[in-house]
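Q: Please see the structure below; I have some questions.
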Number of protein chains: 2
Amino acid sequence: MNIAIMGATGAVGREMLHQLIEQDIKVDELRLLASKRSAATKIEFKGKELTVEELTHDSFEGMDIVLGAASNPIAKEYAKDIVNAGAVFIDNSSAFRMDKDVPLVVPEINGEDALKHKGIISNPNCSTIITCMAVHAINSISPIKKMIASTYQAVSGAGKQGLDELNNQISDLYNNKDISVSAFPYQIAYNVIPYIGSKSTEDYTTEEMKMENEGRKIMHLPDLKVTCTCVRVPVLRSHSISVSLQCEKPLETDEVRDAISKFDNVVLYDNLDEGIYPMPLITSNQNKVYVGRIRKDRVLDGGISLFCCGDQIRKGAASNAVQIIKCLYK
Amino acid sequence: MNIAIMGATGAVGREMLHQLIEQDIKVDELRLLASKRSAATKIEFKGKELTVEELTHDSFEGMDIVLGAASNPIAKEYAKDIVNAGAVFIDNSSAFRMDKDVPLVVPEINGEDALKHKGIISNPNCSTIITCMAVHAINSISPIKKMIASTYQAVSGAGKQGLDELNNQISDLYNNKDISVSAFPYQIAYNVIPYIGSKSTEDYTTEEMKMENEGRKIMHLPDLKVTCTCVRVPVLRSHSISVSLQCEKPLETDEVRDAISKFDNVVLYDNLDEGIYPMPLITSNQNKVYVGRIRKDRVLDGGISLFCCGDQIRKGAASNAVQIIKCLYK
């Protein structure tokens with residue numbers, strides 16, 4: 001299998017490369033593509049040094065899979081070239097996610113949708129993947145009707161730039177220097193920013209609406225209603241989400257814990273007496289989503305509240321994308 | 001007026017002293033009380049150097065008001081002595097908040113309740129004060145029935161210890177040293193911790209249940225239902241809360257914005273197009289609560305979602321307590 005990574009030098013692109021190894025994908029040729037600025041960068045893969053090539057419209061000849069870790073405009077510009085070259089484009093941008101002909105896939109939930117592709121498969125939004133992984137076991141007991149979510153999103157959501165910005169701000173503040181702000185609209189060190197993406201429907205943000213729109217498509221719940229509040233927090237890699245949800249039938253916490261404990265790649269991590277609950281610090285640098293703080297919701301009748309965390313760069317992006325390759329070649 | 005501050009050397013105690021000046025309270029004698037360990041500390045007040053005295057059962061003679069900024073056990077141990085000395089005890093601990101004979105007061109909301117005291121008045125929980133300040137204007141249009149809240153709580157909620165712990169962890173990590181953990185159950189730097197207080201009803205925490213129990217008492221809403229998830233974040237001073245609420249009648253965002261803009265000591269801070277939304281960085285070191293991200297809730301019929309921030313040490317503790325003095329002497 002020949003695989004290209006488009007946007008190979010970013011935080012998600014580099015993690016995709018690690019995931020090809022970790023998930024044991026047999027790769028004949030690996031082609032690393034990036035903008036002119038990053039071309040010629042050397043990156044190691046299975047003991048060999050690969051050279052990043054400049055992304056052009058002719059970059060995709062001979063490829064079977066192109067993993068996209070670039071922005072929406074880049075994804076749009078090159079999608080046709082990828083499909084025309086006969087490759088399947090597994091795209092982490094949001095450019096095609098809501099297109100009718102493009103499957104939006106979380107393998108543990110709707111892996112079979114991947115097979116319906118017409119050349120492009122989209123990888124969902126990071127917070128949406130992590131939340132859907134946490135709640136889909138509940139959805140399997142009884143379809144979810146309503147969900148209210150507040151996120152605690154790591155700076156890695158803005159890629160390497162976001163990680164650098166938090167680290168630089170902490171360092172500058174520690175050394176009594178002026179900080180600089182570019183990846184986020186305001187200082188993120190020692191702050192939280194309740195605005196991610198841009199303005200969308202009725203004063204929700206684009207990031208907030210993804211939870212409803214993409215959640216509906218992934219879980220096959222066209223009538224799901226979601227209120228989401230997306231907030232950036234000064235955490236490096238893992239996103240956390242506080243969720244209240246209501247299903248068609250009332251739920252008991254025991255059946256919810258039981259279902260979650262059996263769901264692939266989800267860890268039931270829930271014991272207040274022993275200080276066990278999900279936190280970004282313990283869920284980073286791994287592919288599993290942790291779920292805890294499971295309790296009866298006091299507002300939504302028969303509903304459930306929970307708190308979940310997962311690594312945004314891994315399950316929220318790179319590892320999910322690489323898992324999609326496996327859905328295609330099962 | 002003679003005033004004592006019990007727990008004068010902590011973060012809240014020191015802010016109470018500043019608030020006596022800022023709120024222009026006429027003080028004849030100011031007595032600063034603390035544990036033996038902190039006694040003899042020198043603290044400046046209006047240009048004079050005061051010496052902190054050791055707290056004893058005889059500390060309250062001649063006082064009109066005792067502001068409590070100590071723990072629950074200390075509040076319980078000395079409450080009778082304070083009342084017997086003829087002083088009014090305005091207590092920031094949670095020891096007496098739910099007692100039938102103890103008013104629980106946010107002056108802008110239920111200031112008149114303060115006058116019904118029998119010697120003790122409780123200052124509410126910090127997140128609860130900030131949330132009630134943000135939503136009470138809405139409650140005045142139509143009584144709130146249900147509320148789902150997720151908090152983003154600053155380390156100052158654990159006092160000077162909490163502030164020191166975040167600063168020390170950041171510094172130790174920056175210098176590649178081992179960190180130490182004592183004020184919080186886990187590392188708080190670059191982390192979020194979805195557990196504050198201790199375990200309470202049905203796997204909610206004590207901190208989470210305060211939002212319902214204290215919210216009911218402050219806003220005179222005995223049937224209010226609240227689902228709250230309390231989360232510590234690596235922020236220094238201001239708490240933030242993401243809130244979804246439903247009232248008896250459906251609400252429009254315009255009437256909500258209008259009501260909030262007219263409420264005392266609340267700032268309507270809500271314009272996505274101009275990048276205006278509440279953040280801890282802009283709400284710290286002031287007494288006002290900021291409210292923004294106001295939009296129609298997509299799950300709760302006729303409901304509203306919003307995001308609010310306020311300084312936990314000020315309006316969430318010290319400035320609210322000092323305002324209560326004014327309720328008594330109006």
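Ordering of the structure tokens sets the chain letters (A, B, ...), residue numbers begin anew at 1 in every chain, and ligands are numbered from 1 in the order given.
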Find the residues around Val102 in chain B up to 10 Å (only C-alpha atoms counted), leave out those fewer than 6 positions away in its own chain, and share them as an MDAnalysis selection string.

A: chainID B and resid 96 113:114 116:122

Q: Would you put the residues from that selection into a file with N, CA and C atoms, as an mmCIF file, in the first residue's frame?

A:
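Saved as selection-v4.cif:
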data_model
loop_
_atom_site.group_PDB
_atom_site.id
_atom_site.type_symbol
_atom_site.label_atom_id
_atom_site.label_comp_id
_atom_site.auth_asym_id
_atom_site.auth_seq_id
_atom_site.Cartn_x
_atom_site.Cartn_y
_atom_site.Cartn_z
ATOM 1 N N PHE B 96 -22.625 26.969 57.891
ATOM 2 C CA PHE B 96 -24.000 27.297 58.310
ATOM 3 C C PHE B 96 -24.934 27.640 57.155
ATOM 4 N N ASP B 113 -32.815 39.600 52.921
ATOM 5 C CA ASP B 113 -32.733 38.401 53.777
ATOM 6 C C ASP B 113 -31.727 38.593 54.920
ATOM 7 N N ALA B 114 -30.720 39.433 54.681
ATOM 8 C CA ALA B 114 -29.676 39.634 55.694
ATOM 9 C C ALA B 114 -30.272 40.124 57.012
ATOM 10 N N LYS B 116 -32.853 39.295 58.481
ATOM 11 C CA LYS B 116 -33.541 38.258 59.271
ATOM 12 C C LYS B 116 -32.569 37.405 60.090
ATOM 13 N N HIS B 117 -31.332 37.838 60.191
ATOM 14 C CA HIS B 117 -30.322 36.982 60.840
ATOM 15 C C HIS B 117 -30.549 36.866 62.357
ATOM 16 N N LYS B 118 -30.003 35.772 62.894
ATOM 17 C CA LYS B 118 -30.015 35.594 64.354
ATOM 18 C C LYS B 118 -28.584 35.537 64.853
ATOM 19 N N GLY B 119 -27.730 36.345 64.240
ATOM 20 C CA GLY B 119 -26.328 36.397 64.669
ATOM 21 C C GLY B 119 -25.357 35.905 63.609
ATOM 22 N N ILE B 120 -25.847 35.032 62.714
ATOM 23 C CA ILE B 120 -24.962 34.505 61.665
ATOM 24 C C ILE B 120 -25.581 34.752 60.291
ATOM 25 N N ILE B 121 -24.773 35.231 59.356
ATOM 26 C CA ILE B 121 -25.163 35.354 57.947
ATOM 27 C C ILE B 121 -24.099 34.613 57.137
ATOM 28 N N SER B 122 -24.536 33.761 56.221
ATOM 29 C CA SER B 122 -23.547 33.045 55.412
ATOM 30 C C SER B 122 -23.345 33.706 54.062
#

Q: Let's see if you can do this: from backbone DSSP, list all strand (DSSP E) residues in range 107-283 of chain A, as a PyMOL selection string.

A: chain A and resi 120-122+144-152+225-229+238-247+266-268

Q: Show which residues sit within 8 Å of range 35-43 of chain A, as number ranges by chain. Count only C-alpha atoms, and ignore same-chain residues fewer than 2 positions away.

A: A: 7, 9, 33, 45, 49-55

Q: Write the residues you've just listed into a file as a compact mmCIF listing (two decimals), in the first residue's frame, and include C-alpha atoms for each of them.

A:
# COMPACT_ATOMS: atom_id res chain seq x y z
CA GLY A 7 0.60 18.34 5.78
CA THR A 9 5.16 18.43 9.24
CA LEU A 33 3.98 16.28 1.50
CA PHE A 45 10.07 6.51 9.52
CA GLU A 49 15.13 9.16 6.82
CA LEU A 50 12.43 10.51 4.52
CA THR A 51 12.53 13.92 2.87
CA VAL A 52 9.36 16.00 2.84
CA GLU A 53 8.34 16.93 -0.72
CA GLU A 54 6.62 20.11 -1.80
CA LEU A 55 2.89 19.58 -2.30

Q: Enumerate the residues of range 121-322 of chain B with a DSSP assignment of helix (DSSP H, G or I), computed from the backbone, and present them as a VMD selection string.

A: chain B and resid 126 to 141 155 to 174 201 to 203 206 to 219 253 to 261 272 to 274 280 to 283 314 to 322

Q: Please, could you write that set of residues out with C-alpha atoms as a compact mmCIF listing (two decimals), in the first residue's frame?

A:
# COMPACT_ATOMS: atom_id res chain seq x y z
CA CYS B 126 -18.05 31.21 45.03
CA SER B 127 -19.28 29.59 41.77
CA THR B 128 -22.85 29.83 43.04
CA ILE B 129 -22.53 33.59 43.72
CA ILE B 130 -21.09 34.21 40.25
CA THR B 131 -23.70 32.05 38.50
CA CYS B 132 -26.62 33.53 40.47
CA MET B 133 -25.38 37.06 39.68
CA ALA B 134 -25.32 36.11 35.99
CA VAL B 135 -28.76 34.48 35.85
CA HIS B 136 -30.84 36.38 38.40
CA ALA B 137 -31.78 39.08 35.89
CA ILE B 138 -33.29 36.27 33.80
CA ASN B 139 -35.01 34.87 36.88
CA SER B 140 -36.69 38.27 37.30
CA ILE B 141 -38.27 38.00 33.82
CA VAL B 155 -7.03 27.69 41.76
CA SER B 156 -7.77 30.62 44.10
CA GLY B 157 -10.78 28.58 45.21
CA ALA B 158 -8.25 26.70 47.34
CA GLY B 159 -6.89 30.00 48.73
CA LYS B 160 -3.28 31.13 48.78
CA GLN B 161 -2.23 27.46 48.87
CA GLY B 162 -3.98 26.86 45.55
CA LEU B 163 -2.41 29.92 43.94
CA ASP B 164 1.04 28.91 45.20
CA GLU B 165 0.56 25.35 43.96
CA LEU B 166 -0.18 26.36 40.35
CA ASN B 167 2.67 28.89 40.32
CA ASN B 168 5.13 26.41 41.85
CA GLN B 169 4.15 23.60 39.48
CA ILE B 170 4.56 25.84 36.44
CA SER B 171 7.94 27.00 37.74
CA ASP B 172 9.12 23.46 38.57
CA LEU B 173 8.02 22.09 35.20
CA TYR B 174 9.73 25.00 33.45
CA THR B 201 -25.39 12.69 46.83
CA GLU B 202 -25.47 10.08 44.04
CA ASP B 203 -21.89 10.65 42.83
CA THR B 206 -20.33 18.68 47.57
CA GLU B 207 -19.21 21.60 45.36
CA GLU B 208 -21.67 20.57 42.64
CA MET B 209 -24.63 20.23 45.01
CA LYS B 210 -24.01 23.74 46.37
CA MET B 211 -25.12 25.18 43.02
CA GLU B 212 -28.56 23.60 43.48
CA ASN B 213 -28.97 23.89 47.26
CA GLU B 214 -27.57 27.40 47.65
CA GLY B 215 -29.05 28.61 44.35
CA ARG B 216 -32.53 27.62 45.60
CA LYS B 217 -32.06 29.51 48.87
CA ILE B 218 -30.52 32.68 47.37
CA MET B 219 -33.00 33.07 44.50
CA THR B 253 -32.20 36.63 23.63
CA ASP B 254 -33.01 40.34 23.29
CA GLU B 255 -35.05 40.49 26.50
CA VAL B 256 -32.35 38.49 28.30
CA ARG B 257 -29.59 40.85 27.15
CA ASP B 258 -31.72 43.83 28.13
CA ALA B 259 -32.39 42.47 31.64
CA ILE B 260 -28.75 41.51 32.24
CA SER B 261 -27.52 44.91 31.08
CA LEU B 272 -19.08 37.75 18.94
CA ASP B 273 -18.45 39.95 15.90
CA GLU B 274 -16.17 42.15 17.99
CA PRO B 280 -10.99 35.11 33.54
CA LEU B 281 -8.19 37.34 32.30
CA ILE B 282 -10.47 40.38 32.01
CA THR B 283 -12.70 39.77 35.03
CA ARG B 314 -13.74 39.23 45.22
CA LYS B 315 -17.42 38.82 44.24
CA GLY B 316 -17.15 35.08 44.87
CA ALA B 317 -16.02 35.70 48.46
CA ALA B 318 -14.61 38.89 50.03
CA SER B 319 -16.48 41.67 48.26
CA ASN B 320 -19.82 39.88 48.65
CA ALA B 321 -19.16 39.45 52.40
CA VAL B 322 -18.29 43.14 52.84

Q: Of the candidates A:Ile144, A:Ile313, A:Ala154, A:Ile325, which shows the shortest atom-to-atom distance to His18 in chain A, using only C-alpha atoms?

A: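 Closest to His18 in chain A, using only C-alpha atoms: A:Ile313.
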
Q: Tyr190 in chain B: which residues within 7 Å, counting only C-alpha atoms, same-chain residues fewer than 2 positions away excluded, as a PDB file with N, CA, C and O atoms, in the first residue's frame?

A:
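Just written: part09.pdb:
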ATOM      1  N   PRO A 234      -5.904  26.149  29.027  1.00  0.00           N
ATOM      2  CA  PRO A 234      -4.438  26.035  28.926  1.00  0.00           C
ATOM      3  C   PRO A 234      -3.931  24.628  29.261  1.00  0.00           C
ATOM      4  O   PRO A 234      -3.235  24.413  30.248  1.00  0.00           O
ATOM      5  N   VAL A 235      -4.313  23.686  28.433  1.00  0.00           N
ATOM      6  CA  VAL A 235      -3.918  22.283  28.529  1.00  0.00           C
ATOM      7  C   VAL A 235      -3.227  21.951  27.213  1.00  0.00           C
ATOM      8  O   VAL A 235      -3.611  22.495  26.172  1.00  0.00           O
ATOM      9  N   LEU A 236      -2.226  21.059  27.214  1.00  0.00           N
ATOM     10  CA  LEU A 236      -1.465  20.828  25.990  1.00  0.00           C
ATOM     11  C   LEU A 236      -2.171  19.940  24.962  1.00  0.00           C
ATOM     12  O   LEU A 236      -2.389  20.361  23.838  1.00  0.00           O
TER      13      LEU A 236
ATOM     14  N   ILE B 188      -2.279  20.321  38.748  1.00  0.00           N
ATOM     15  CA  ILE B 188      -3.258  21.209  38.097  1.00  0.00           C
ATOM     16  C   ILE B 188      -2.641  21.949  36.902  1.00  0.00           C
ATOM     17  O   ILE B 188      -3.350  22.300  35.944  1.00  0.00           O
ATOM     18  N   PRO B 234      -6.384  25.436  35.274  1.00  0.00           N
ATOM     19  CA  PRO B 234      -5.170  26.162  35.657  1.00  0.00           C
ATOM     20  C   PRO B 234      -5.246  27.655  35.362  1.00  0.00           C
ATOM     21  O   PRO B 234      -4.534  28.197  34.518  1.00  0.00           O
TER      22      PRO B 234
END

Q: Work out how far apart CA of Leu221 in chain B and CA of Cys230 in chain A are and give it in Å to one decimal.

A: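 Going from CA of Leu221 in chain B over to CA of Cys230 in chain A covers 29.1 Å.
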
Q: Find the residues near range 149-152 of chain B: any atom within 8 Å, counting only C-alpha atoms, skip ones fewer than 4 places away on the same chain, and give them as JSON, numbers by chain.

A: {"A": [150, 242], "B": [127, 226, 227, 228, 229, 230, 231, 232, 233, 239, 240, 241, 242, 243, 244]}

Q: Store the residues picked out above, limited to all heavy atoms, as a compact mmCIF listing (two decimals), in the first residue's frame.

A:
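Done, and the output landed in again-v4.txt:
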# COMPACT_ATOMS: atom_id res chain seq x y z
N SER A 150 -20.25 20.99 27.39
CA SER A 150 -19.30 22.09 27.52
C SER A 150 -17.91 21.49 27.42
O SER A 150 -17.60 20.51 28.10
CB SER A 150 -19.46 22.80 28.87
OG SER A 150 -20.71 23.47 28.92
N SER A 242 -17.69 17.93 29.31
CA SER A 242 -18.73 17.68 30.31
C SER A 242 -20.05 17.53 29.57
O SER A 242 -20.45 18.43 28.83
CB SER A 242 -18.76 18.88 31.27
OG SER A 242 -19.92 18.87 32.06
N SER B 127 -18.70 29.80 43.10
CA SER B 127 -19.28 29.59 41.77
C SER B 127 -20.77 29.89 41.79
O SER B 127 -21.33 30.35 40.80
CB SER B 127 -19.13 28.13 41.32
OG SER B 127 -17.79 27.80 41.25
N VAL B 226 -30.88 21.56 39.37
CA VAL B 226 -29.57 21.90 38.81
C VAL B 226 -28.72 20.65 38.62
O VAL B 226 -28.60 19.83 39.53
CB VAL B 226 -28.79 22.88 39.72
CG1 VAL B 226 -27.43 23.21 39.11
CG2 VAL B 226 -29.58 24.16 39.95
N THR B 227 -28.17 20.49 37.42
CA THR B 227 -27.08 19.55 37.19
C THR B 227 -25.81 20.38 37.09
O THR B 227 -25.72 21.26 36.23
CB THR B 227 -27.25 18.79 35.86
OG1 THR B 227 -28.41 17.99 35.93
CG2 THR B 227 -26.04 17.90 35.60
N CYS B 228 -24.86 20.13 37.96
CA CYS B 228 -23.63 20.91 37.91
C CYS B 228 -22.43 19.97 37.83
O CYS B 228 -22.42 18.91 38.45
CB CYS B 228 -23.55 21.79 39.16
SG CYS B 228 -22.15 22.92 39.15
N THR B 229 -21.45 20.34 37.03
CA THR B 229 -20.17 19.63 36.96
C THR B 229 -19.08 20.64 37.29
O THR B 229 -18.92 21.62 36.56
CB THR B 229 -19.94 19.04 35.56
OG1 THR B 229 -21.05 18.19 35.23
CG2 THR B 229 -18.64 18.24 35.50
N CYS B 230 -18.39 20.43 38.40
CA CYS B 230 -17.38 21.40 38.84
C CYS B 230 -15.98 20.91 38.47
O CYS B 230 -15.58 19.81 38.84
CB CYS B 230 -17.47 21.62 40.35
SG CYS B 230 -18.93 22.57 40.80
N VAL B 231 -15.27 21.76 37.77
CA VAL B 231 -13.96 21.39 37.22
C VAL B 231 -12.93 22.47 37.57
O VAL B 231 -13.16 23.66 37.33
CB VAL B 231 -14.05 21.22 35.68
CG1 VAL B 231 -12.71 20.80 35.11
CG2 VAL B 231 -15.14 20.22 35.31
N ARG B 232 -11.81 22.04 38.12
CA ARG B 232 -10.71 22.97 38.41
C ARG B 232 -9.88 23.13 37.14
O ARG B 232 -9.58 22.15 36.46
CB ARG B 232 -9.84 22.39 39.52
CG ARG B 232 -8.77 23.33 40.02
CD ARG B 232 -9.29 24.40 40.93
NE ARG B 232 -9.83 23.87 42.18
CZ ARG B 232 -10.56 24.58 43.03
NH1 ARG B 232 -10.84 25.85 42.78
NH2 ARG B 232 -11.03 24.03 44.13
N VAL B 233 -9.52 24.36 36.81
CA VAL B 233 -8.68 24.64 35.64
C VAL B 233 -7.47 25.47 36.05
O VAL B 233 -7.51 26.14 37.09
CB VAL B 233 -9.49 25.38 34.53
CG1 VAL B 233 -10.64 24.53 34.01
CG2 VAL B 233 -10.01 26.72 35.03
N HIS B 239 -13.42 32.51 38.33
CA HIS B 239 -14.18 31.32 37.95
C HIS B 239 -15.02 31.66 36.71
O HIS B 239 -15.53 32.77 36.57
CB HIS B 239 -15.16 30.92 39.06
CG HIS B 239 -14.51 30.31 40.26
ND1 HIS B 239 -13.17 30.05 40.36
CD2 HIS B 239 -15.06 29.88 41.44
CE1 HIS B 239 -12.92 29.49 41.54
NE2 HIS B 239 -14.05 29.39 42.22
N SER B 240 -15.21 30.66 35.83
CA SER B 240 -16.10 30.79 34.68
C SER B 240 -17.14 29.68 34.76
O SER B 240 -16.84 28.60 35.27
CB SER B 240 -15.34 30.65 33.36
OG SER B 240 -14.23 31.51 33.32
N ILE B 241 -18.32 29.96 34.24
CA ILE B 241 -19.38 28.94 34.26
C ILE B 241 -20.14 28.97 32.94
O ILE B 241 -20.58 30.02 32.49
CB ILE B 241 -20.35 29.15 35.44
CG1 ILE B 241 -19.58 29.21 36.77
CG2 ILE B 241 -21.37 28.00 35.51
CD1 ILE B 241 -19.37 30.57 37.34
N SER B 242 -20.28 27.78 32.32
CA SER B 242 -21.09 27.60 31.12
C SER B 242 -22.46 27.13 31.59
O SER B 242 -22.57 26.11 32.27
CB SER B 242 -20.42 26.55 30.23
OG SER B 242 -21.30 26.10 29.23
N VAL B 243 -23.51 27.89 31.24
CA VAL B 243 -24.84 27.64 31.81
C VAL B 243 -25.89 27.48 30.70
O VAL B 243 -25.93 28.27 29.76
CB VAL B 243 -25.28 28.83 32.71
CG1 VAL B 243 -26.66 28.57 33.32
CG2 VAL B 243 -24.26 29.11 33.80
N SER B 244 -26.74 26.45 30.84
CA SER B 244 -27.96 26.33 30.04
C SER B 244 -29.12 26.37 31.00
O SER B 244 -29.09 25.67 32.02
CB SER B 244 -27.99 24.98 29.30
OG SER B 244 -27.10 24.98 28.23

Q: Have a look at B:Leu67, B:Val106, B:Val192, B:Ala183 and name the one nearest to chain A; count only C-alpha atoms.

A: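 Counting only C-alpha atoms, the residue closest to chain A is B:Val192.
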
Q: As a VMD selection string, please: the residues near Phe89 in chain B (cut-off 10 Å, only C-alpha atoms, same-chain neighbours under 3 positions excluded).

A: chain B and resid 4 to 6 63 to 68 75 78 to 83 86 92 117 to 122
